Structures are given as structure tokens and as C-alpha cells.
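Content type PDB, C-alpha atoms, from the file model16.pdb:
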ATOM      1  CA  MET A   1      62.002 125.257 -47.698
ATOM      2  CA  ALA A   2      61.470 125.600 -51.447
ATOM      3  CA  THR A   3      63.659 123.767 -53.929
ATOM      4  CA  ILE A   4      65.831 126.103 -56.003
ATOM      5  CA  ARG A   5      65.710 125.348 -59.706
ATOM      6  CA  LEU A   6      67.420 126.732 -62.789
ATOM      7  CA  GLY A   7      65.806 130.002 -63.837
ATOM      8  CA  ASP A   8      64.619 130.858 -60.315
ATOM      9  CA  GLU A   9      65.698 134.110 -58.752
ATOM     10  CA  ALA A  10      68.557 133.433 -56.347
ATOM     11  CA  PRO A  11      67.147 133.959 -52.845
ATOM     12  CA  ASN A  12      68.453 137.129 -51.258
ATOM     13  CA  PHE A  13      69.880 137.221 -47.727
ATOM     14  CA  THR A  14      71.913 139.379 -45.391
ATOM     15  CA  ALA A  15      74.748 137.593 -43.620
ATOM     16  CA  GLN A  16      77.881 138.166 -41.560
ATOM     17  CA  THR A  17      80.996 137.385 -43.563
ATOM     18  CA  SER A  18      84.763 137.595 -43.221
ATOM     19  CA  GLU A  19      84.451 140.981 -44.985
ATOM     20  CA  GLY A  20      81.592 142.344 -42.867
ATOM     21  CA  GLU A  21      77.803 142.244 -43.197
ATOM     22  CA  ILE A  22      76.711 141.717 -46.799
ATOM     23  CA  ASN A  23      73.344 141.840 -48.545
ATOM     24  CA  PHE A  24      73.762 139.261 -51.284
ATOM     25  CA  HIS A  25      71.859 140.988 -54.101
ATOM     26  CA  GLU A  26      73.391 144.397 -53.339
ATOM     27  CA  TRP A  27      76.848 142.819 -53.229
ATOM     28  CA  LEU A  28      76.296 141.153 -56.613
ATOM     29  CA  GLY A  29      75.233 144.416 -58.252
ATOM     30  CA  ASP A  30      75.485 143.947 -62.022
ATOM     31  CA  SER A  31      77.961 141.075 -61.729
ATOM     32  CA  TRP A  32      77.567 137.359 -62.186
ATOM     33  CA  GLY A  33      78.144 135.388 -59.004
ATOM     34  CA  ILE A  34      79.265 132.054 -57.588
ATOM     35  CA  LEU A  35      77.985 130.999 -54.193
ATOM     36  CA  PHE A  36      79.648 127.843 -52.932
ATOM     37  CA  SER A  37      79.558 126.006 -49.623
ATOM     38  CA  HIS A  38      82.270 124.019 -47.911
ATOM     39  CA  PRO A  39      81.625 121.563 -45.066
ATOM     40  CA  ALA A  40      83.920 123.089 -42.427
ATOM     41  CA  ASP A  41      86.882 125.349 -41.711
ATOM     42  CA  TYR A  42      90.312 123.827 -41.079
ATOM     43  CA  THR A  43      89.608 120.872 -43.361
ATOM     44  CA  PRO A  44      92.065 119.721 -46.048
ATOM     45  CA  VAL A  45      89.968 119.629 -49.211
ATOM     46  CA  CYS A  46      88.284 122.957 -48.448
ATOM     47  CA  THR A  47      91.667 124.544 -47.823
ATOM     48  CA  THR A  48      92.823 123.586 -51.327
ATOM     49  CA  GLU A  49      89.527 124.737 -52.849
ATOM     50  CA  LEU A  50      89.550 128.220 -51.334
ATOM     51  CA  GLY A  51      93.228 128.584 -52.179
ATOM     52  CA  THR A  52      92.472 127.687 -55.790
ATOM     53  CA  VAL A  53      89.592 130.181 -56.008
ATOM     54  CA  SER A  54      91.919 132.915 -54.734
ATOM     55  CA  LYS A  55      94.440 132.091 -57.453
ATOM     56  CA  TYR A  56      91.682 132.315 -60.086
ATOM     57  CA  THR A  57      90.715 135.888 -59.135
ATOM     58  CA  GLU A  58      91.940 137.329 -62.429
ATOM     59  CA  GLU A  59      89.960 134.754 -64.429
ATOM     60  CA  PHE A  60      86.769 135.507 -62.487
ATOM     61  CA  ASN A  61      87.325 139.258 -62.867
ATOM     62  CA  LYS A  62      87.678 138.863 -66.663
ATOM     63  CA  ARG A  63      84.228 137.289 -66.686
ATOM     64  CA  ASN A  64      82.660 139.859 -64.301
ATOM     65  CA  VAL A  65      82.085 137.138 -61.685
ATOM     66  CA  LYS A  66      82.082 137.684 -57.919
ATOM     67  CA  VAL A  67      82.695 134.727 -55.596
ATOM     68  CA  MET A  68      81.309 134.106 -52.108
ATOM     69  CA  ALA A  69      81.955 131.040 -49.933
ATOM     70  CA  LEU A  70      80.010 129.678 -46.967
ATOM     71  CA  SER A  71      80.411 127.361 -44.026
ATOM     72  CA  VAL A  72      78.540 126.886 -40.766
ATOM     73  CA  ASP A  73      81.588 127.965 -38.742
ATOM     74  CA  GLY A  74      81.908 131.395 -37.130
ATOM     75  CA  LEU A  75      83.829 134.539 -38.036
ATOM     76  CA  GLU A  76      86.683 133.957 -35.595
ATOM     77  CA  SER A  77      87.225 130.521 -37.102
ATOM     78  CA  HIS A  78      87.080 131.956 -40.641
ATOM     79  CA  HIS A  79      89.718 134.598 -39.928
ATOM     80  CA  GLY A  80      92.097 132.073 -38.380
ATOM     81  CA  TRP A  81      91.582 129.601 -41.192
ATOM     82  CA  ILE A  82      92.145 132.263 -43.873
ATOM     83  CA  LYS A  83      95.657 132.741 -42.450
ATOM     84  CA  ASP A  84      96.273 129.015 -42.880
ATOM     85  CA  ILE A  85      94.936 129.066 -46.463
ATOM     86  CA  ASN A  86      97.161 132.001 -47.377
ATOM     87  CA  GLU A  87     100.186 130.290 -45.854
ATOM     88  CA  THR A  88      99.722 126.754 -47.170
ATOM     89  CA  GLN A  89      98.338 127.615 -50.621
ATOM     90  CA  ASN A  90     100.684 130.554 -51.313
ATOM     91  CA  THR A  91      97.841 132.943 -52.034
ATOM     92  CA  THR A  92      95.655 135.639 -50.488
ATOM     93  CA  VAL A  93      91.956 134.927 -49.883
ATOM     94  CA  ASN A  94      90.218 137.956 -51.350
ATOM     95  CA  PHE A  95      86.538 137.038 -51.316
ATOM     96  CA  PRO A  96      83.992 136.911 -48.478
ATOM     97  CA  ILE A  97      83.225 133.733 -46.526
ATOM     98  CA  ILE A  98      79.787 133.615 -44.914
ATOM     99  CA  ALA A  99      79.661 132.649 -41.233
ATOM    100  CA  ASP A 100      76.402 130.692 -41.367
ATOM    101  CA  GLU A 101      76.373 129.530 -37.754
ATOM    102  CA  ASP A 102      72.576 129.538 -37.555
ATOM    103  CA  GLY A 103      72.282 127.674 -40.868
ATOM    104  CA  LYS A 104      69.864 130.193 -42.388
ATOM    105  CA  VAL A 105      71.641 130.538 -45.727
ATOM    106  CA  SER A 106      72.438 126.819 -45.863
ATOM    107  CA  GLU A 107      68.747 126.075 -45.391
ATOM    108  CA  LEU A 108      67.673 128.747 -47.877
ATOM    109  CA  TYR A 109      69.872 127.144 -50.546
ATOM    110  CA  ASP A 110      69.320 123.515 -49.425
ATOM    111  CA  MET A 111      73.017 122.962 -48.761
ATOM    112  CA  ILE A 112      72.630 120.469 -45.913
ATOM    113  CA  HIS A 113      71.702 116.977 -47.077
ATOM    114  CA  PRO A 114      70.820 115.010 -43.924
ATOM    115  CA  ASN A 115      71.637 111.580 -45.347
ATOM    116  CA  ALA A 116      75.169 112.806 -46.098
ATOM    117  CA  ASP A 117      75.662 114.845 -42.896
ATOM    118  CA  SER A 118      73.051 116.288 -40.545
ATOM    119  CA  LYS A 119      75.029 119.442 -39.666
ATOM    120  CA  LEU A 120      77.671 120.160 -42.285
ATOM    121  CA  THR A 121      76.985 121.379 -45.813
ATOM    122  CA  VAL A 122      77.730 119.399 -48.937
ATOM    123  CA  ARG A 123      79.860 121.084 -51.627
ATOM    124  CA  SER A 124      77.135 123.087 -53.344
ATOM    125  CA  VAL A 125      77.807 125.451 -56.245
ATOM    126  CA  PHE A 126      75.346 128.032 -57.551
ATOM    127  CA  VAL A 127      76.199 130.171 -60.570
ATOM    128  CA  ILE A 128      74.004 133.261 -60.678
ATOM    129  CA  GLY A 129      73.584 135.539 -63.689
ATOM    130  CA  ASN A 130      73.657 139.321 -63.686
ATOM    131  CA  ASP A 131      69.842 139.137 -63.742
ATOM    132  CA  LYS A 132      69.996 137.404 -60.302
ATOM    133  CA  LYS A 133      68.667 134.167 -61.832
ATOM    134  CA  VAL A 134      70.197 130.771 -61.027
ATOM    135  CA  LYS A 135      72.019 129.524 -64.131
ATOM    136  CA  LEU A 136      73.796 126.397 -62.830
ATOM    137  CA  ILE A 137      73.662 124.108 -59.787
ATOM    138  CA  ILE A 138      76.291 121.456 -59.045
ATOM    139  CA  THR A 139      76.536 119.389 -55.876
ATOM    140  CA  TYR A 140      79.645 117.457 -54.854
ATOM    141  CA  PRO A 141      80.106 115.201 -51.829
ATOM    142  CA  ALA A 142      82.427 116.306 -49.042
ATOM    143  CA  SER A 143      85.097 113.831 -50.192
ATOM    144  CA  THR A 144      85.456 115.307 -53.710
ATOM    145  CA  GLY A 145      87.084 118.671 -54.338
ATOM    146  CA  ARG A 146      85.587 120.805 -57.072
ATOM    147  CA  ASN A 147      87.041 121.411 -60.525
ATOM    148  CA  PHE A 148      87.233 125.185 -60.881
ATOM    149  CA  ASP A 149      88.470 124.956 -64.472
ATOM    150  CA  GLU A 150      85.113 123.339 -65.215
ATOM    151  CA  LEU A 151      83.306 126.217 -63.499
ATOM    152  CA  LEU A 152      85.162 128.726 -65.683
ATOM    153  CA  ARG A 153      84.296 126.645 -68.771
ATOM    154  CA  VAL A 154      80.620 126.587 -67.820
ATOM    155  CA  ILE A 155      80.553 130.328 -67.132
ATOM    156  CA  ASP A 156      82.077 130.930 -70.583
ATOM    157  CA  SER A 157      79.273 128.826 -72.059
ATOM    158  CA  LEU A 158      76.538 130.503 -69.994
ATOM    159  CA  GLN A 159      77.700 133.994 -70.892
ATOM    160  CA  LEU A 160      78.096 133.130 -74.578
ATOM    161  CA  THR A 161      74.690 131.457 -74.918
ATOM    162  CA  ALA A 162      72.948 134.248 -72.987
ATOM    163  CA  TYR A 163      73.709 136.696 -75.823
ATOM    164  CA  HIS A 164      73.947 134.513 -78.941
ATOM    165  CA  LYS A 165      71.579 131.928 -80.431
ATOM    166  CA  VAL A 166      73.999 129.062 -79.928
ATOM    167  CA  ALA A 167      74.696 126.172 -77.571
ATOM    168  CA  THR A 168      78.013 124.567 -76.662
ATOM    169  CA  PRO A 169      78.728 120.902 -77.498
ATOM    170  CA  ALA A 170      80.287 118.236 -75.287
ATOM    171  CA  ASN A 171      83.705 119.138 -73.850
ATOM    172  CA  TRP A 172      83.538 122.575 -75.500
ATOM    173  CA  LYS A 173      86.182 125.105 -74.503
ATOM    174  CA  HIS A 174      86.370 128.837 -75.142
ATOM    175  CA  GLY A 175      87.437 129.444 -78.750
ATOM    176  CA  GLU A 176      86.013 126.235 -80.215
ATOM    177  CA  ASP A 177      83.094 125.898 -82.630
ATOM    178  CA  VAL A 178      79.562 126.025 -81.251
ATOM    179  CA  VAL A 179      76.169 124.575 -82.176
ATOM    180  CA  ILE A 180      73.560 126.784 -83.840
ATOM    181  CA  SER A 181      70.176 126.846 -82.103
ATOM    182  CA  PRO A 182      67.676 124.411 -83.693
ATOM    183  CA  ALA A 183      65.115 127.254 -83.658
ATOM    184  CA  ILE A 184      67.043 129.002 -86.459
ATOM    185  CA  SER A 185      66.729 127.734 -90.039
ATOM    186  CA  THR A 186      69.949 127.052 -91.932
ATOM    187  CA  GLU A 187      69.070 129.837 -94.375
ATOM    188  CA  ASP A 188      68.642 132.363 -91.558
ATOM    189  CA  ALA A 189      71.746 131.030 -89.801
ATOM    190  CA  LYS A 190      73.878 131.876 -92.833
ATOM    191  CA  GLY A 191      72.771 135.503 -92.504
ATOM    192  CA  ILE A 192      73.333 135.616 -88.741
ATOM    193  CA  PHE A 193      76.595 133.690 -88.454
ATOM    194  CA  THR A 194      78.800 135.378 -91.030
ATOM    195  CA  LYS A 195      81.887 133.345 -90.088
ATOM    196  CA  GLY A 196      80.272 130.351 -91.747
ATOM    197  CA  VAL A 197      77.785 127.538 -91.148
ATOM    198  CA  ASN A 198      78.767 123.871 -91.328
ATOM    199  CA  GLU A 199      75.599 121.774 -91.775
ATOM    200  CA  ILE A 200      76.402 118.226 -90.634
ATOM    201  CA  LYS A 201      72.702 117.323 -90.345
ATOM    202  CA  PRO A 202      69.672 119.618 -90.681
ATOM    203  CA  TYR A 203      69.485 119.683 -86.869
ATOM    204  CA  LEU A 204      73.265 119.797 -86.280
ATOM    205  CA  ARG A 205      74.923 122.952 -87.604
ATOM    206  CA  MET A 206      78.232 124.279 -86.340
ATOM    207  CA  THR A 207      79.721 127.757 -86.500
ATOM    208  CA  PRO A 208      82.859 129.430 -85.108
ATOM    209  CA  GLN A 209      82.341 131.041 -81.699
ATOM    210  CA  PRO A 210      80.512 134.298 -82.574
ATOM    211  CA  ASN A 211      81.859 136.601 -79.851
ATOM    212  CA  LEU A 212      85.511 136.293 -80.898
ATOM    213  CA  ASP A 213      87.205 138.811 -83.186
TER
END

Full structure transcribed into C-alpha cells:
Amino acid sequence: MATIRLGDEAPNFTAQTSEGEINFHEWLGDSWGILFSHPADYTPVCTTELGTVSKYTEEFNKRNVKVMALSVDGLESHHGWIKDINETQNTTVNFPIIADEDGKVSELYDMIHPNADSKLTVRSVFVIGNDKKVKLIITYPASTGRNFDELLRVIDSLQLTAYHKVATPANWKHGEDVVISPAISTEDAKGIFTKGVNEIKPYLRMTPQPNLD
């Protein structure tokens, strides 16, 4: 089992899901993607997580992001649990959940950490670009629910920095000023970033977010 690192192509797979058999790369198409694992069906933290993701559908759609979940439970379990999620979280689960009973996808993405649990997955998150490359990896323990506002923030940063020669500073949020790439001279930056360049230090230059009107 190879370690997946940032910049690697996201391993492709075909799996049974709550929405039928899916080939991961074909399903992604030209979209960005989030693949995230949850330890087990009918568990409290996972129930709140999948409910939250469902409520964020519009935000993911705005960013051209498709979401797919995974656990090692089977399809029958998934379908029953989805009813519970819809009921208790006042939402409708509208994304596929992989039934990884044989653990093939979990192993492919190194989602089972034996010193945490020998059978159940940790809370892994993989953000995948529209070039099928892995852009972000975050791993949470089973006891800590994920912050999906943070995932949206990171996707905003990833999509911005993929197309503009900038980086995002600590605690940055969409709409705030960004850092100009150190590879660009201040003179060149003034020609590229027409909204203005604030040179704090020669290596620390700020500019308004370039992809906003």
C-alpha cells in the first residue's frame, strides 16, 4: 500500500455505493471532489457530519465540488441509516456513500489506522482537484467531528491559488486580502495586481483577492 501525498493522482476505484456502482474518476468528471470516511453507520458524530454535508450542498455546488462518503458497512445498513440522518438532521442525504465492506477503498486511501482501530476507518478527508490530483489531506480521530466550514474555506483557497499567483494568509476567508507569490517581483506585481500592492516587507506583499469583481 503506497502512501498518498499531496500532488499525487487520486487512486481510481469502482465501488458499490448508496447510489449504485460508481467509478470514482468517471463520477468526478471535470469537478473537484471530497472523499471522506466515517468510522461506522448509526453512530452519533457521523450522523451529524453527513447531515451537515447535505445542508452544504448549495455551497459545494457553487464551487463545482462533488462529495462522496465511505464506511466499511454495507448497502442495506447505509440505506437504513440515511433515513435516520434525514429524520434527525432535518435534511436529505444527496451524495453517494461507499459500502466498503471488503476494505479495498479504505486500504487504497490508508483510512484504517491500526493503532486507533483495527477495523474501522478514521475520519479521513481528501480534497481532489479537477485534474484528479490530491490537493489536501486531513485526518481526524473518531471522537472529533469535522469542521465543514473549514473545508469550504480551504477549497476557496485551493481554487483561488490554482489560477492566480497568490497564497492565502493565516485565518484567511473568501473576500480578504491575499499574499503575493514571492516568485514575483514587486515591480511585476504592480502590473499584475491592478487593485493595488501593499509592500509590508520585500517578501510580504498583500493585494485584494484578485478573482472578485

Task: Shell around Leu204 in chain A at 10 Å using all atoms listed in the file, local window under 2 positions removed, as a PyMOL selection string - done: chain A and resi 179-182+186+198-202+206

Just C-alpha atoms for this one: save the residues we selected as a PDB file, in the coordinates of the input.
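Result saved to part.pdb:
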ATOM      1  CA  VAL A 179      76.169 124.575 -82.176  1.00  0.00           C
ATOM      2  CA  ILE A 180      73.560 126.784 -83.840  1.00  0.00           C
ATOM      3  CA  SER A 181      70.176 126.846 -82.103  1.00  0.00           C
ATOM      4  CA  PRO A 182      67.676 124.411 -83.693  1.00  0.00           C
ATOM      5  CA  THR A 186      69.949 127.052 -91.932  1.00  0.00           C
ATOM      6  CA  ASN A 198      78.767 123.871 -91.328  1.00  0.00           C
ATOM      7  CA  GLU A 199      75.599 121.774 -91.775  1.00  0.00           C
ATOM      8  CA  ILE A 200      76.402 118.226 -90.634  1.00  0.00           C
ATOM      9  CA  LYS A 201      72.702 117.323 -90.345  1.00  0.00           C
ATOM     10  CA  PRO A 202      69.672 119.618 -90.681  1.00  0.00           C
ATOM     11  CA  MET A 206      78.232 124.279 -86.340  1.00  0.00           C
TER      12      MET A 206
END

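Comparing the minimum interatomic distances between His38 in chain A and each of A:Ser71, A:Thr52, A:Thr91, A:Gln209, counting only C-alpha atoms, we find that A:Ser71 sits nearest.
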
Task: Counting only C-alpha atoms, the residue of A:Gly20, A:Pro169, A:Gly196, A:Gly33 that sits nearest Leu136 in chain A - done: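 For Leu136 in chain A, the nearest of the given residues is A:Gly33.
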
Open item on the list: Which residues are close to Trp172 in chain A, i.e. within 10 Å by all atoms listed in the file, leaving aside same-chain residues fewer than 3 positions away? Reply as a list in words.
Closed with: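 The neighbour list is Arg153, Val154, Asp156, Ser157, Ala167, Thr168, Pro169, Gly175, Glu176, Asp177 and Val178 of chain A.
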
Within 7 Å of Trp81 in chain A using all atoms listed in the file, minus same-chain residues under 3 positions, as a PDB file with C-alpha atoms, in the coordinates of the input:
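Saved result, part_19.pdb, follows:
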ATOM      1  CA  ASP A  41      86.882 125.349 -41.711  1.00  0.00           C
ATOM      2  CA  TYR A  42      90.312 123.827 -41.079  1.00  0.00           C
ATOM      3  CA  SER A  77      87.225 130.521 -37.102  1.00  0.00           C
ATOM      4  CA  HIS A  78      87.080 131.956 -40.641  1.00  0.00           C
ATOM      5  CA  ASP A  84      96.273 129.015 -42.880  1.00  0.00           C
ATOM      6  CA  ILE A  85      94.936 129.066 -46.463  1.00  0.00           C
TER       7      ILE A  85
END

Take every atom of range 56-66 of chain A listed in the file, fit an axis-aligned box around them, add 8 Å per side, and give the centre and edge lengths in Å to one decimal as JSON.
{"center_x": 87.0, "center_y": 136.1, "center_z": -62.3, "size_x": 25.9, "size_y": 23.5, "size_z": 24.8}

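Selection by the PyMOL selection byres ((chain A and resi 63) around 12) on the present file picks out A:Asp30, A:Ser31, A:Trp32, A:Gly33, A:Ile34, A:Tyr56, A:Thr57, A:Glu58, A:Glu59, A:Phe60, A:Asn61, A:Lys62, A:Asn64, A:Val65, A:Lys66, A:Val67, A:Gly129, A:Asn130, A:Leu151, A:Leu152, A:Arg153, A:Val154, A:Ile155, A:Asp156, A:Ser157, A:Leu158, A:Gln159, A:Leu160.
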
Please save C-alpha atoms of the selected residues as an mmCIF file, keeping the file's coordinate frame.
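And here is the file that came out, out.cif:
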data_model
loop_
_atom_site.group_PDB
_atom_site.id
_atom_site.type_symbol
_atom_site.label_atom_id
_atom_site.label_comp_id
_atom_site.auth_asym_id
_atom_site.auth_seq_id
_atom_site.Cartn_x
_atom_site.Cartn_y
_atom_site.Cartn_z
ATOM 1 C CA ASP A 30 75.485 143.947 -62.022
ATOM 2 C CA SER A 31 77.961 141.075 -61.729
ATOM 3 C CA TRP A 32 77.567 137.359 -62.186
ATOM 4 C CA GLY A 33 78.144 135.388 -59.004
ATOM 5 C CA ILE A 34 79.265 132.054 -57.588
ATOM 6 C CA TYR A 56 91.682 132.315 -60.086
ATOM 7 C CA THR A 57 90.715 135.888 -59.135
ATOM 8 C CA GLU A 58 91.940 137.329 -62.429
ATOM 9 C CA GLU A 59 89.960 134.754 -64.429
ATOM 10 C CA PHE A 60 86.769 135.507 -62.487
ATOM 11 C CA ASN A 61 87.325 139.258 -62.867
ATOM 12 C CA LYS A 62 87.678 138.863 -66.663
ATOM 13 C CA ASN A 64 82.660 139.859 -64.301
ATOM 14 C CA VAL A 65 82.085 137.138 -61.685
ATOM 15 C CA LYS A 66 82.082 137.684 -57.919
ATOM 16 C CA VAL A 67 82.695 134.727 -55.596
ATOM 17 C CA GLY A 129 73.584 135.539 -63.689
ATOM 18 C CA ASN A 130 73.657 139.321 -63.686
ATOM 19 C CA LEU A 151 83.306 126.217 -63.499
ATOM 20 C CA LEU A 152 85.162 128.726 -65.683
ATOM 21 C CA ARG A 153 84.296 126.645 -68.771
ATOM 22 C CA VAL A 154 80.620 126.587 -67.820
ATOM 23 C CA ILE A 155 80.553 130.328 -67.132
ATOM 24 C CA ASP A 156 82.077 130.930 -70.583
ATOM 25 C CA SER A 157 79.273 128.826 -72.059
ATOM 26 C CA LEU A 158 76.538 130.503 -69.994
ATOM 27 C CA GLN A 159 77.700 133.994 -70.892
ATOM 28 C CA LEU A 160 78.096 133.130 -74.578
#

Task: Which residue of A:Gly51, A:His79, A:Thr194, A:Asp110 approaches Thr17 in chain A most closely, using all atoms listed in the file - done: A:His79

TODO: May I ask which of the residues A:Leu35, A:Cys46, A:Ala10, A:Val197 is the closest one to Gln89 in chain A, counting only C-alpha atoms?
DONE: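 Checking each of A:Leu35, A:Cys46, A:Ala10, A:Val197 against Gln89 in chain A, counting only C-alpha atoms, the winner is A:Cys46.
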
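Compared by their closest atoms to Thr3 in chain A, and using only C-alpha atoms, the residues A:Ala183, A:Ile192, A:Val134, A:Ala15 rank with A:Val134 nearest.
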
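For the pair CA of Lys132 in chain A and CA of Leu28 in chain A, the separation is 8.2 Å.
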
Open item on the list: What does the structure give for the distance between CA of Glu19 in chain A and CA of Phe95 in chain A, in Å to one decimal?
Closed with: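 Straight-line distance from CA of Glu19 in chain A to CA of Phe95 in chain A works out to 7.7 Å.
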
- [ ] Have a look at A:Phe126, A:Trp27, A:Tyr140, A:Phe148 and name the one nearest to Asp8 in chain A; count all atoms listed in the file.
- [x] A:Phe126

Missing atoms in range 167-179 of chain A should be modelled up to N, CA, C and O atoms and reported as a compact mmCIF listing (two decimals), keeping the file's coordinate frame.
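Okay, this is what ended up in rebuild_30.txt:
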# COMPACT_ATOMS: atom_id res chain seq x y z
N ALA A 167 74.48 127.03 -78.74
CA ALA A 167 74.70 126.17 -77.57
C ALA A 167 76.11 125.62 -77.70
O ALA A 167 76.73 125.69 -78.78
N THR A 168 76.64 125.09 -76.61
CA THR A 168 78.01 124.57 -76.66
C THR A 168 77.99 123.05 -76.58
O THR A 168 77.30 122.47 -75.73
N PRO A 169 78.74 122.37 -77.45
CA PRO A 169 78.73 120.90 -77.50
C PRO A 169 79.54 120.29 -76.36
O PRO A 169 80.17 121.00 -75.56
N ALA A 170 79.55 118.97 -76.32
CA ALA A 170 80.29 118.24 -75.29
C ALA A 170 81.76 118.64 -75.27
O ALA A 170 82.39 118.80 -76.33
N ASN A 171 82.28 118.83 -74.07
CA ASN A 171 83.70 119.14 -73.85
C ASN A 171 84.15 120.45 -74.49
O ASN A 171 85.35 120.69 -74.64
N TRP A 172 83.20 121.30 -74.87
CA TRP A 172 83.54 122.58 -75.50
C TRP A 172 84.42 123.43 -74.59
O TRP A 172 84.26 123.44 -73.37
N LYS A 173 85.36 124.12 -75.21
CA LYS A 173 86.18 125.10 -74.50
C LYS A 173 86.14 126.42 -75.28
O LYS A 173 85.94 126.42 -76.50
N HIS A 174 86.35 127.50 -74.55
CA HIS A 174 86.37 128.84 -75.14
C HIS A 174 87.26 128.87 -76.39
O HIS A 174 88.40 128.41 -76.35
N GLY A 175 86.69 129.35 -77.50
CA GLY A 175 87.44 129.44 -78.75
C GLY A 175 87.07 128.37 -79.76
O GLY A 175 87.41 128.50 -80.95
N GLU A 176 86.39 127.33 -79.31
CA GLU A 176 86.01 126.24 -80.22
C GLU A 176 84.66 126.50 -80.87
O GLU A 176 83.89 127.36 -80.42
N ASP A 177 84.36 125.73 -81.92
CA ASP A 177 83.09 125.90 -82.63
C ASP A 177 81.90 125.59 -81.73
O ASP A 177 82.01 124.79 -80.78
N VAL A 178 80.78 126.20 -82.05
CA VAL A 178 79.56 126.02 -81.25
C VAL A 178 78.41 125.54 -82.13
O VAL A 178 78.51 125.54 -83.37
N VAL A 179 77.35 125.10 -81.49
CA VAL A 179 76.17 124.58 -82.18
C VAL A 179 75.16 125.71 -82.37
O VAL A 179 74.90 126.49 -81.47
